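Q: What follows is a single structure, and I will ask about it in a moment.
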Amino acid sequence: MQGVAKAIRFHGNRLKSAVLQHMSTNDTFLNLIMHFRSASPTPFIPYGGLENTTVAEILKIKGEDEAGRVYWCNTSDTVYDAVKHMTQHHIGALVVIKPGEQKLLAGIVTERDYLQKIIVQGRSSKITSVGEIMTEENKLIAVSSDTKVLQAMELMTDKHIRHVPVIDQKVVGMISIVDVVRAIVEQQHEEVKRLNEFIKGDYY
């Protein structure tokens with residue numbers, strides 16, 4: 001994935017040319033975009049150019065913009081309840097909040113934490129608290145809503161993580177590597193479509 005991110009950033013024009021050259025004989029790219037579009041009912045990100053697409057646009061279509069929702073749990077919740085919460089909402093991570101009215105950020109807990117620190121170690125999810133297995137705030141890797149999608153992808157691939165909280169003074173959402181790849185594929189598809197239309201003479 002790291003190689004893909006760098007290829008898109010530094011060799012975007014070459015990638016576009018290659019895709020255009022093979023569009024008539026190779027359906028892989030089109031199949032990929034159709035897979036993403038059929039796998040999720042979420043709206044598509046409006047075309048603004050791959051280099052200009054930000055995390056804020058991902059949050060907007062997910063309903064996790066400034067007025068949206070953030071899925072969370074407390075440090076004192078059991079891992080079992082946290083995993084149940086993830087399952088109910090079809091997500092792979094939760095923001096973890098410290099107990100109290102201020103709801104201060106404590107960290108993040110993911111499905112990987114559950115597998116590595118509960119299942120593999122033979123611990124009970126019903127008696128282990130989220131605070132015992134979460135990634136704490138001081139080790140948390142995050143982005144802001146104005147972070148470029150390509151930068152987010154490089155960060156996630158470099159750090160080998162699949163979920164990143166979005167923080168603008170407070171937590172405003174969560175993005176996954178799937179969200180990022182979907183956004184990149186959609187923007188790349190639109191760029192190729194526009195180039196193809198230009199080559200065919202649809203633009204003056």
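Ordered as shown in the structure tokens, chains take letters A, B, and onward, while each chain numbers its residues from 1 and ligands are numbered from 1 in the order shown.
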Residues of range 39-183 of chain A classed as strand (DSSP E or B) by DSSP on the backbone are to be reported as number ranges by chain.

A: A: 54, 72-74, 78, 93-97, 105-110, 129, 135-136, 143, 148, 163-168, 170-176

Q: Counting only C-alpha atoms, what is within 8 Å of Leu105 in chain A, bar same-chain residues fewer than 6 positions away, as a ChimeraX atom specification?

A: /A:95-98,137,171

Q: Restricting the calculation to only C-alpha atoms: of A:Val79, A:Ile127, A:Val55, A:Ile91, which residue gets closest to Ala183 in chain A?

A: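 Of A:Val79, A:Ile127, A:Val55, A:Ile91, the one nearest Ala183 in chain A is A:Val55, counting only C-alpha atoms.
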
Q: Would you mind reading off the distance between CA of Ile161 in chain A and CA of Ala106 in chain A, one decimal, in Å?

A: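 Value for the CA of Ile161 in chain A-CA of Ala106 in chain A distance: 18.0 Å.
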